[in-house]
$ cat model_2.json   # JSON, C-alpha atoms and all ligand atoms
[["chain", "number", "residue", "atom", "x", "y", "z"],
["A", 144, "MET", "CA", 136.21, 83.01, 91.53],
["A", 145, "VAL", "CA", 133.25, 83.44, 93.86],
["A", 146, "ARG", "CA", 130.88, 86.12, 92.56],
["A", 147, "ASN", "CA", 128.66, 87.97, 94.98],
["A", 148, "GLY", "CA", 126.32, 89.98, 92.74],
["A", 149, "ARG", "CA", 123.15, 91.20, 94.41],
["A", 150, "THR", "CA", 121.51, 88.88, 96.88],
["A", 151, "THR", "CA", 118.05, 89.44, 98.37],
["A", 152, "ALA", "CA", 117.48, 89.32, 102.14],
["A", 153, "ALA", "CA", 115.83, 85.88, 101.75],
["A", 154, "GLN", "CA", 118.84, 84.58, 99.80],
["A", 155, "THR", "CA", 121.31, 85.94, 102.37],
["A", 156, "ASP", "CA", 119.28, 84.26, 105.11],
["A", 157, "ALA", "CA", 119.24, 80.98, 103.13],
["A", 158, "LEU", "CA", 123.00, 81.14, 102.58],
["A", 159, "GLU", "CA", 123.63, 81.59, 106.31],
["A", 160, "ARG", "CA", 121.15, 78.99, 107.52],
["A", 161, "LEU", "CA", 121.25, 76.34, 104.82],
["A", 162, "LEU", "CA", 124.71, 76.32, 103.26],
["A", 163, "PRO", "CA", 126.17, 74.48, 106.30],
["A", 164, "ARG", "CA", 123.54, 71.76, 105.72],
["A", 165, "PHE", "CA", 123.25, 71.54, 101.93],
["A", 166, "GLY", "CA", 126.65, 72.95, 100.93],
["A", 167, "LEU", "CA", 130.00, 71.25, 100.65],
["A", 168, "PRO", "CA", 133.12, 73.32, 101.27],
["A", 169, "TYR", "CA", 135.56, 73.19, 98.36],
["A", 170, "SER", "CA", 138.41, 70.75, 98.95],
["A", 171, "ASP", "CA", 141.73, 70.41, 97.12],
["A", 172, "ASP", "CA", 141.60, 66.67, 97.82],
["A", 173, "PRO", "CA", 139.05, 64.06, 96.74],
["A", 174, "ILE", "CA", 136.12, 63.79, 99.13],
["A", 175, "ASP", "CA", 134.11, 60.74, 100.18],
["A", 176, "LEU", "CA", 130.82, 61.30, 98.33],
["A", 177, "ALA", "CA", 128.93, 58.56, 100.19],
["A", 178, "ALA", "CA", 129.85, 60.24, 103.49],
["A", 179, "SER", "CA", 128.91, 63.70, 102.16],
["A", 180, "PHE", "CA", 125.44, 62.51, 101.09],
["A", 181, "GLY", "CA", 124.96, 59.96, 103.85],
["A", 182, "ARG", "CA", 124.30, 57.26, 101.27],
["A", 183, "GLN", "CA", 125.79, 55.52, 98.25],
["A", 184, "ALA", "CA", 123.91, 56.40, 95.03],
["A", 185, "PRO", "CA", 124.55, 57.38, 91.41],
["A", 186, "THR", "CA", 125.88, 60.93, 91.39],
["A", 187, "TRP", "CA", 125.23, 63.75, 88.92],
["A", 188, "LEU", "CA", 126.99, 67.11, 88.67],
["A", 189, "GLU", "CA", 125.34, 70.22, 87.21],
["A", 190, "ILE", "CA", 127.87, 72.89, 86.30],
["A", 191, "GLY", "CA", 126.76, 76.54, 86.47],
["A", 192, "PHE", "CA", 123.19, 75.85, 87.63],
["A", 193, "GLY", "CA", 122.26, 79.57, 87.62],
["A", 194, "ASN", "CA", 119.23, 80.01, 89.87],
["A", 195, "GLY", "CA", 118.82, 76.23, 90.21],
["A", 196, "ASP", "CA", 115.55, 75.62, 88.34],
["A", 197, "VAL", "CA", 116.84, 72.54, 86.52],
["A", 198, "LEU", "CA", 118.76, 71.34, 89.56],
["A", 199, "LEU", "CA", 115.61, 71.42, 91.71],
["A", 200, "ASN", "CA", 113.50, 69.82, 89.01],
["A", 201, "MET", "CA", 116.03, 67.01, 88.53],
["A", 202, "ALA", "CA", 116.28, 66.46, 92.28],
["A", 203, "SER", "CA", 112.48, 66.27, 92.61],
["A", 204, "THR", "CA", 112.14, 63.78, 89.78],
["A", 205, "HIS", "CA", 115.25, 61.72, 90.72],
["A", 206, "PRO", "CA", 115.10, 61.03, 94.46],
["A", 207, "ASP", "CA", 117.46, 58.07, 94.00],
["A", 208, "VAL", "CA", 120.30, 60.17, 92.60],
["A", 209, "ASN", "CA", 122.83, 62.23, 94.58],
["A", 210, "ILE", "CA", 122.92, 65.63, 92.90],
["A", 211, "ILE", "CA", 125.80, 68.10, 93.13],
["A", 212, "GLY", "CA", 125.42, 71.68, 91.90],
["A", 213, "ALA", "CA", 128.48, 73.82, 91.19],
["A", 214, "GLU", "CA", 127.94, 77.57, 90.84],
["A", 215, "VAL", "CA", 130.04, 80.64, 91.56],
["A", 216, "HIS", "CA", 127.20, 83.16, 91.72],
["A", 217, "GLU", "CA", 126.05, 83.71, 95.30],
["A", 218, "SER", "CA", 122.50, 84.90, 94.58],
["A", 219, "GLY", "CA", 121.85, 81.78, 92.46],
["A", 220, "ILE", "CA", 123.07, 79.58, 95.30],
["A", 221, "GLY", "CA", 120.82, 81.43, 97.76],
["A", 222, "HIS", "CA", 117.86, 81.04, 95.39],
["A", 223, "ALA", "CA", 118.51, 77.31, 94.97],
["A", 224, "LEU", "CA", 118.87, 76.78, 98.74],
["A", 225, "ILE", "CA", 115.40, 78.23, 99.34],
["A", 226, "GLY", "CA", 113.96, 75.68, 96.89],
["A", 227, "ILE", "CA", 116.00, 72.83, 98.37],
["A", 228, "GLU", "CA", 114.62, 73.55, 101.83],
["A", 229, "SER", "CA", 110.99, 74.04, 100.81],
["A", 230, "ASN", "CA", 111.00, 70.86, 98.71],
["A", 231, "GLU", "CA", 112.98, 68.90, 101.32],
["A", 232, "LEU", "CA", 115.61, 67.82, 98.79],
["A", 233, "SER", "CA", 118.08, 66.26, 101.19],
["A", 234, "HIS", "CA", 119.98, 64.55, 98.34],
["A", 235, "VAL", "CA", 121.34, 67.81, 96.86],
["A", 236, "ARG", "CA", 124.70, 69.39, 97.73],
["A", 237, "LEU", "CA", 125.88, 72.77, 96.44],
["A", 238, "ILE", "CA", 129.49, 73.81, 96.01],
["A", 239, "GLN", "CA", 130.28, 77.51, 95.60],
["A", 240, "HIS", "CA", 133.42, 77.14, 93.55],
["A", 241, "ASP", "CA", 134.87, 76.89, 90.04],
["A", 242, "ALA", "CA", 133.56, 73.64, 88.53],
["A", 243, "MET", "CA", 136.87, 72.97, 86.78],
["A", 244, "GLU", "CA", 138.74, 72.84, 90.08],
["A", 245, "ILE", "CA", 135.96, 70.75, 91.61],
["A", 246, "MET", "CA", 136.32, 68.14, 88.86],
["A", 247, "GLU", "CA", 140.11, 68.28, 88.83],
["A", 248, "ASN", "CA", 140.68, 68.07, 92.58],
["A", 249, "MET", "CA", 137.62, 67.43, 94.72],
["A", 250, "LEU", "CA", 135.94, 64.54, 92.87],
["A", 251, "ALA", "CA", 137.62, 61.17, 92.61],
["A", 252, "PRO", "CA", 138.20, 59.64, 89.16],
["A", 253, "GLY", "CA", 135.12, 57.78, 87.90],
["A", 254, "SER", "CA", 132.90, 59.15, 90.68],
["A", 255, "LEU", "CA", 130.15, 60.68, 88.48],
["A", 256, "ASP", "CA", 127.36, 59.10, 86.43],
["A", 257, "LYS", "CA", 126.36, 62.32, 84.69],
["A", 258, "VAL", "CA", 127.74, 65.81, 84.06],
["A", 259, "LEU", "CA", 125.36, 68.54, 82.90],
["A", 260, "LEU", "CA", 126.53, 71.78, 81.33],
["A", 261, "LEU", "CA", 123.40, 73.70, 80.39],
["A", 262, "PHE", "CA", 123.68, 77.04, 78.64],
["A", 263, "PRO", "CA", 127.23, 77.95, 79.67],
["A", 264, "ASP", "CA", 128.31, 81.54, 79.01],
["A", 265, "PRO", "CA", 128.72, 81.57, 75.20],
["A", 266, "TRP", "CA", 131.43, 84.26, 75.00],
["A", 267, "HIS", "CA", 130.22, 85.39, 71.58],
["A", 268, "LYS", "CA", 133.19, 87.49, 70.54],
["A", 269, "LYS", "CA", 136.02, 85.68, 68.82],
["A", 270, "ARG", "CA", 138.65, 87.24, 71.09],
["A", 271, "HIS", "CA", 136.76, 85.82, 74.10],
["A", 272, "HIS", "CA", 136.44, 82.27, 72.77],
["A", 273, "LYS", "CA", 139.37, 81.20, 74.95],
["A", 274, "ARG", "CA", 137.15, 81.89, 78.00],
["A", 275, "ARG", "CA", 134.62, 79.26, 76.93],
["A", 276, "ILE", "CA", 134.46, 76.41, 79.40],
["A", 277, "VAL", "CA", 134.39, 73.71, 76.70],
["A", 278, "GLN", "CA", 138.11, 73.36, 75.96],
["A", 279, "SER", "CA", 140.53, 70.44, 76.20],
["A", 280, "ASP", "CA", 141.06, 70.98, 79.96],
["A", 281, "PHE", "CA", 137.30, 70.70, 80.47],
["A", 282, "LEU", "CA", 137.07, 67.49, 78.44],
["A", 283, "ASN", "CA", 140.02, 66.05, 80.40],
["A", 284, "ALA", "CA", 138.29, 66.87, 83.69],
["A", 285, "VAL", "CA", 134.96, 65.39, 82.53],
["A", 286, "ALA", "CA", 136.65, 62.27, 81.12],
["A", 287, "ARG", "CA", 138.46, 61.83, 84.43],
["A", 288, "THR", "CA", 135.43, 62.15, 86.70],
["A", 289, "LEU", "CA", 132.81, 60.31, 84.60],
["A", 290, "LYS", "CA", 132.41, 56.56, 84.95],
["A", 291, "THR", "CA", 132.67, 54.41, 81.84],
["A", 292, "GLY", "CA", 129.20, 54.67, 80.25],
["A", 293, "GLY", "CA", 128.51, 57.92, 82.14],
["A", 294, "MET", "CA", 126.83, 60.80, 80.31],
["A", 295, "LEU", "CA", 127.95, 64.33, 79.42],
["A", 296, "HIS", "CA", 124.96, 66.53, 78.55],
["A", 297, "CYS", "CA", 125.67, 69.97, 77.10],
["A", 298, "ALA", "CA", 123.14, 72.47, 75.80],
["A", 299, "THR", "CA", 123.48, 75.93, 74.29],
["A", 300, "ASP", "CA", 121.28, 78.48, 72.53],
["A", 301, "TRP", "CA", 124.27, 79.89, 70.64],
["A", 302, "ALA", "CA", 124.48, 77.92, 67.39],
["A", 303, "GLU", "CA", 128.15, 78.61, 66.79],
["A", 304, "TYR", "CA", 129.02, 77.46, 70.33],
["A", 305, "GLY", "CA", 127.03, 74.28, 69.63],
["A", 306, "GLU", "CA", 129.21, 73.67, 66.56],
["A", 307, "TRP", "CA", 132.30, 74.42, 68.66],
["A", 308, "MET", "CA", 131.22, 71.83, 71.24],
["A", 309, "ILE", "CA", 130.49, 69.19, 68.58],
["A", 310, "GLU", "CA", 133.87, 69.78, 66.93],
["A", 311, "LYS", "CA", 135.78, 69.39, 70.21],
["A", 312, "LEU", "CA", 133.79, 66.35, 71.34],
["A", 313, "GLU", "CA", 133.91, 64.52, 68.01],
["A", 314, "GLN", "CA", 137.71, 64.84, 67.99],
["A", 315, "ASP", "CA", 137.91, 63.26, 71.44],
["A", 316, "GLU", "CA", 137.95, 59.46, 71.35],
["A", 317, "ARG", "CA", 136.94, 59.20, 75.00],
["A", 318, "PHE", "CA", 133.39, 60.35, 74.15],
["A", 319, "SER", "CA", 130.74, 58.77, 71.96],
["A", 320, "ASN", "CA", 127.82, 60.76, 70.51],
["A", 321, "THR", "CA", 124.51, 59.05, 71.35],
["A", 322, "ALA", "CA", 122.83, 60.79, 68.38],
["A", 323, "GLY", "CA", 125.43, 59.60, 65.85],
["A", 324, "ALA", "CA", 128.65, 61.28, 64.73],
["A", 325, "GLY", "CA", 128.37, 65.06, 64.43],
["A", 326, "LEU", "CA", 124.67, 65.21, 65.32],
["A", 327, "ALA", "CA", 122.73, 67.08, 67.98],
["A", 328, "SER", "CA", 119.98, 65.42, 70.05],
["A", 329, "ALA", "CA", 116.43, 66.61, 70.60],
["A", 330, "ARG", "CA", 115.86, 68.14, 74.03],
["A", 331, "PRO", "CA", 115.32, 65.15, 76.34],
["A", 332, "GLN", "CA", 111.77, 65.36, 77.73],
["A", 333, "TRP", "CA", 112.98, 65.31, 81.31],
["A", 334, "ARG", "CA", 115.06, 68.46, 80.82],
["A", 335, "PRO", "CA", 112.99, 71.51, 81.75],
["A", 336, "VAL", "CA", 113.47, 74.74, 79.81],
["A", 337, "THR", "CA", 116.00, 76.91, 81.67],
["A", 338, "ARG", "CA", 115.87, 80.66, 82.31],
["A", 339, "PHE", "CA", 118.67, 81.32, 79.81],
["A", 340, "GLU", "CA", 117.01, 79.06, 77.28],
["A", 341, "ARG", "CA", 113.72, 81.02, 77.54],
["A", 342, "ARG", "CA", 115.70, 84.19, 76.91],
["A", 343, "GLY", "CA", 117.29, 82.51, 73.88],
["A", 344, "HIS", "CA", 113.87, 81.52, 72.55],
["A", 345, "ARG", "CA", 112.68, 85.15, 72.86],
["A", 346, "LEU", "CA", 115.72, 86.21, 70.83],
["A", 347, "GLY", "CA", 114.90, 83.60, 68.17],
["A", 348, "HIS", "CA", 117.86, 81.34, 68.97],
["A", 349, "SER", "CA", 117.65, 77.61, 68.28],
["A", 350, "VAL", "CA", 118.84, 75.24, 71.01],
["A", 351, "THR", "CA", 121.40, 72.47, 70.65],
["A", 352, "ASP", "CA", 121.40, 69.53, 73.09],
["A", 353, "LEU", "CA", 124.40, 67.21, 72.97],
["A", 354, "LEU", "CA", 124.48, 63.83, 74.70],
["A", 355, "TYR", "CA", 127.78, 61.98, 74.80],
["A", 356, "THR", "CA", 128.74, 58.90, 76.76],
["A", 357, "ARG", "CA", 132.15, 58.21, 78.26],
["A", 358, "ARG", "CA", 133.76, 55.24, 76.48],
["B", 1, "LIG", "C1", 124.61, 81.61, 81.15],
["B", 1, "LIG", "S1", 124.41, 81.07, 82.82],
["B", 1, "LIG", "C2", 123.33, 79.67, 82.67],
["B", 1, "LIG", "C3", 122.65, 79.30, 83.95],
["B", 1, "LIG", "C4", 121.72, 78.08, 83.90],
["B", 1, "LIG", "N1", 122.43, 76.87, 83.55],
["B", 1, "LIG", "C5", 120.57, 78.31, 82.95],
["B", 1, "LIG", "O1", 120.52, 77.68, 81.88],
["B", 1, "LIG", "O2", 119.69, 79.14, 83.27],
["B", 1, "LIG", "C6", 125.98, 80.34, 83.15],
["B", 1, "LIG", "C7", 126.22, 80.10, 84.64],
["B", 1, "LIG", "O3", 127.44, 79.40, 84.83],
["B", 1, "LIG", "C8", 128.11, 79.91, 85.96],
["B", 1, "LIG", "N2", 129.54, 79.59, 85.80],
["B", 1, "LIG", "C9", 130.37, 80.10, 84.86],
["B", 1, "LIG", "N3", 131.60, 79.55, 84.98],
["B", 1, "LIG", "C10", 131.54, 78.66, 86.01],
["B", 1, "LIG", "C11", 132.49, 77.79, 86.61],
["B", 1, "LIG", "N4", 133.75, 77.72, 86.16],
["B", 1, "LIG", "N5", 132.08, 77.03, 87.65],
["B", 1, "LIG", "C12", 130.80, 77.09, 88.10],
["B", 1, "LIG", "N6", 129.86, 77.91, 87.58],
["B", 1, "LIG", "C13", 130.22, 78.68, 86.54],
["B", 1, "LIG", "C14", 127.77, 81.38, 85.96],
["B", 1, "LIG", "O4", 127.91, 81.98, 87.24],
["B", 1, "LIG", "C15", 126.33, 81.37, 85.48],
["B", 1, "LIG", "O5", 125.39, 81.31, 86.53]]

$ encode --input "model_2.json" --output "structure tokens"
Amino acid sequence: MVRNGRTTAAQTDALERLLPRFGLPYSDDPIDLAASFGRQAPTWLEIGFGNGDVLLNMASTHPDVNIIGAEVHESGIGHALIGIESNELSHVRLIQHDAMEIMENMLAPGSLDKVLLLFPDPWHKKRHHKRRIVQSDFLNAVARTLKTGGMLHCATDWAEYGEWMIEKLEQDERFSNTAGAGLASARPQWRPVTRFERRGHRLGHSVTDLLYTRR
């Protein structure tokens, strides 16, 4: 499910030059994360990082964390690579592949300290709800890859999707809501406003942040 879209010349150049250095090829088998990053460190996964604004911000403010970005959209990956190079963020690795398969196959059980899912495609129409990423398979994959005490952070600007997420997560005994049962959290200060979030603000949407820990 790799999407090409429109890439600029600079992004195409970044993909060719930098993906071998900052990318990880998708693998059907669990990889050795310490070997991939060249060090042992807490590891976070951002799913669907878009153009990488939050990914780059997190990497700049958390030099002690190994950060993996999963995205299928080529131009976003090219955009993020340019920022990774110019900010010398050697502790970031990008994977151009479906995040579900990454969590199910490529990452070992209990290998992640945090999973971020920020502003996933909301699939507004009822007949498209089955395409939403937050489903039982997603929660199984997150529960499998997160360490005990690890954090799942979801955010959306589509109120009904926020309720959908809360409903699914509250039913799942493997996750505990840090805000208290059924409640959303305030946007953590460290989380920068994303491109999709700004668009949501312009449209008058309110934003839901959800912070759950793995029991
Ligand atoms: C609505 S955008 C949000 C982008 C970014 N998080 C933000 O807030 O600006 C959703 C992104 O998720 C990516 N995406 C959707 N399904 C995915 C999947 N299964 N694996 C990885 N990325 C995915 C899309 O390509 C898109 O860039």

$ closest_residue --input "model_2.json" --among "A:Glu217, A:Glu313, A:Asp172, A:Glu189" --to "A:Lys257" --atoms "only C-alpha atoms"
A:Glu189

$ closest_residue --input "model_2.json" --among "A:Phe165, A:Phe192, A:Trp187, A:Trp301" --to "ligand LIG 1 (chain B)" --atoms "all atoms listed in the file"
A:Phe192

$ closest_residue --input "model_2.json" --among "A:Val277, A:Leu161, A:Ile245, A:His267" --to "A:Ala223" --atoms "all atoms listed in the file"
A:Leu161

$ closest_atom_pairs --input "model_2.json" --of "chain A" --to "ligand LIG 1 (chain B)" --cutoff "9 Å" --atoms "only C-alpha atoms and all ligand atoms" --output "JSON lines"
{"residue": "A:Met144", "atom": "CA", "partner": "B:LIG1", "partner_atom": "N4", "distance": 7.9}
{"residue": "A:Val145", "atom": "CA", "partner": "B:LIG1", "partner_atom": "O4", "distance": 8.6}
{"residue": "A:Arg146", "atom": "CA", "partner": "B:LIG1", "partner_atom": "O4", "distance": 7.4}
{"residue": "A:Glu189", "atom": "CA", "partner": "B:LIG1", "partner_atom": "N1", "distance": 8.1}
{"residue": "A:Ile190", "atom": "CA", "partner": "B:LIG1", "partner_atom": "C12", "distance": 5.4}
{"residue": "A:Gly191", "atom": "CA", "partner": "B:LIG1", "partner_atom": "O3", "distance": 3.4}
{"residue": "A:Phe192", "atom": "CA", "partner": "B:LIG1", "partner_atom": "N1", "distance": 4.3}
{"residue": "A:Gly193", "atom": "CA", "partner": "B:LIG1", "partner_atom": "C3", "distance": 3.7}
{"residue": "A:Asn194", "atom": "CA", "partner": "B:LIG1", "partner_atom": "O2", "distance": 6.7}
{"residue": "A:Gly195", "atom": "CA", "partner": "B:LIG1", "partner_atom": "C4", "distance": 7.2}
{"residue": "A:Asp196", "atom": "CA", "partner": "B:LIG1", "partner_atom": "O2", "distance": 7.4}
{"residue": "A:Val197", "atom": "CA", "partner": "B:LIG1", "partner_atom": "N1", "distance": 7.7}
{"residue": "A:Leu198", "atom": "CA", "partner": "B:LIG1", "partner_atom": "N1", "distance": 9.0}
{"residue": "A:Gly212", "atom": "CA", "partner": "B:LIG1", "partner_atom": "C12", "distance": 8.5}
{"residue": "A:Ala213", "atom": "CA", "partner": "B:LIG1", "partner_atom": "C12", "distance": 5.1}
{"residue": "A:Glu214", "atom": "CA", "partner": "B:LIG1", "partner_atom": "N6", "distance": 3.8}
{"residue": "A:Val215", "atom": "CA", "partner": "B:LIG1", "partner_atom": "N6", "distance": 4.8}
{"residue": "A:His216", "atom": "CA", "partner": "B:LIG1", "partner_atom": "O4", "distance": 4.7}
{"residue": "A:Glu217", "atom": "CA", "partner": "B:LIG1", "partner_atom": "O4", "distance": 8.5}
{"residue": "A:Gly219", "atom": "CA", "partner": "B:LIG1", "partner_atom": "O5", "distance": 6.9}
{"residue": "A:Ile238", "atom": "CA", "partner": "B:LIG1", "partner_atom": "C12", "distance": 8.7}
{"residue": "A:Gln239", "atom": "CA", "partner": "B:LIG1", "partner_atom": "C12", "distance": 7.5}
{"residue": "A:His240", "atom": "CA", "partner": "B:LIG1", "partner_atom": "C12", "distance": 6.0}
{"residue": "A:Asp241", "atom": "CA", "partner": "B:LIG1", "partner_atom": "N5", "distance": 3.7}
{"residue": "A:Ala242", "atom": "CA", "partner": "B:LIG1", "partner_atom": "N5", "distance": 3.8}
{"residue": "A:Met243", "atom": "CA", "partner": "B:LIG1", "partner_atom": "N4", "distance": 5.7}
{"residue": "A:Glu244", "atom": "CA", "partner": "B:LIG1", "partner_atom": "N4", "distance": 8.0}
{"residue": "A:Ile245", "atom": "CA", "partner": "B:LIG1", "partner_atom": "N5", "distance": 8.4}
{"residue": "A:Leu259", "atom": "CA", "partner": "B:LIG1", "partner_atom": "N1", "distance": 8.9}
{"residue": "A:Leu260", "atom": "CA", "partner": "B:LIG1", "partner_atom": "N1", "distance": 6.9}
{"residue": "A:Leu261", "atom": "CA", "partner": "B:LIG1", "partner_atom": "N1", "distance": 4.6}
{"residue": "A:Phe262", "atom": "CA", "partner": "B:LIG1", "partner_atom": "O1", "distance": 4.6}
{"residue": "A:Pro263", "atom": "CA", "partner": "B:LIG1", "partner_atom": "C6", "distance": 4.4}
{"residue": "A:Asp264", "atom": "CA", "partner": "B:LIG1", "partner_atom": "C1", "distance": 4.3}
{"residue": "A:Pro265", "atom": "CA", "partner": "B:LIG1", "partner_atom": "C1", "distance": 7.2}
{"residue": "A:Arg275", "atom": "CA", "partner": "B:LIG1", "partner_atom": "N3", "distance": 8.6}
{"residue": "A:Ile276", "atom": "CA", "partner": "B:LIG1", "partner_atom": "N4", "distance": 6.9}
{"residue": "A:Ala298", "atom": "CA", "partner": "B:LIG1", "partner_atom": "O1", "distance": 8.4}
{"residue": "A:Thr299", "atom": "CA", "partner": "B:LIG1", "partner_atom": "O1", "distance": 8.3}
{"residue": "A:Val336", "atom": "CA", "partner": "B:LIG1", "partner_atom": "O1", "distance": 7.9}
{"residue": "A:Thr337", "atom": "CA", "partner": "B:LIG1", "partner_atom": "O1", "distance": 4.6}
{"residue": "A:Arg338", "atom": "CA", "partner": "B:LIG1", "partner_atom": "O2", "distance": 4.2}
{"residue": "A:Phe339", "atom": "CA", "partner": "B:LIG1", "partner_atom": "O2", "distance": 4.2}
{"residue": "A:Glu340", "atom": "CA", "partner": "B:LIG1", "partner_atom": "O1", "distance": 5.9}
{"residue": "A:Arg341", "atom": "CA", "partner": "B:LIG1", "partner_atom": "O2", "distance": 8.5}

$ atom_distance --input "model_2.json" --atom1 "atom CA of A:Ile309" --atom2 "atom CA of A:Gly325"
6.2 Å

$ residues_around --input "model_2.json" --residues "A:Ser233" --least-positions-apart "5" --cutoff "10 Å" --atoms "all atoms listed in the file" --output "PyMOL selection string"
chain A and resi 164-165+180-181+202+206+209-210+227-228

$ atom_distance --input "model_2.json" --atom1 "atom CA of A:Ser349" --atom2 "atom CA of A:His296"
16.8 Å

$ residues_around --input "model_2.json" --residues "A:Pro163" --least-positions-apart "4" --cutoff "12 Å" --atoms "only C-alpha atoms" --output "JSON, numbers by chain"
{"A": [157, 158, 159, 167, 168, 179, 224, 236, 237, 238, 239]}

$ axis_aligned_box --input "model_2.json" --around "stretch 218-231 of chain A" --padding-each-side "3 Å" --output "lines of an AutoDock Vina configuration file"
center_x = 117.0
center_y = 76.9
center_z = 97.1
size_x = 18.1
size_y = 22.0
size_z = 15.4

$ closest_residue --input "model_2.json" --among "A:Pro335, A:Gly166, A:Pro252, A:Gly221" --to "A:Thr151" --atoms "all atoms listed in the file"
A:Gly221

$ closest_residue --input "model_2.json" --among "A:Thr351, A:Ser319, A:Ser328, A:Thr356" --to "A:Met294" --atoms "only C-alpha atoms"
A:Thr356

$ atom_distance --input "model_2.json" --atom1 "atom CA of A:Ala286" --atom2 "atom CA of A:Leu255"
9.9 Å

$ closest_residue --input "model_2.json" --among "A:His344, A:Arg357, A:Arg287, A:His234" --to "A:Asn248" --atoms "all atoms listed in the file"
A:Arg287

$ residues_around --input "model_2.json" --residues "A:Lys269" --least-positions-apart "6" --cutoff "12 Å" --atoms "only C-alpha atoms" --output "list of chain:residue names"
A:Arg275, A:Glu303, A:Tyr304, A:Trp307
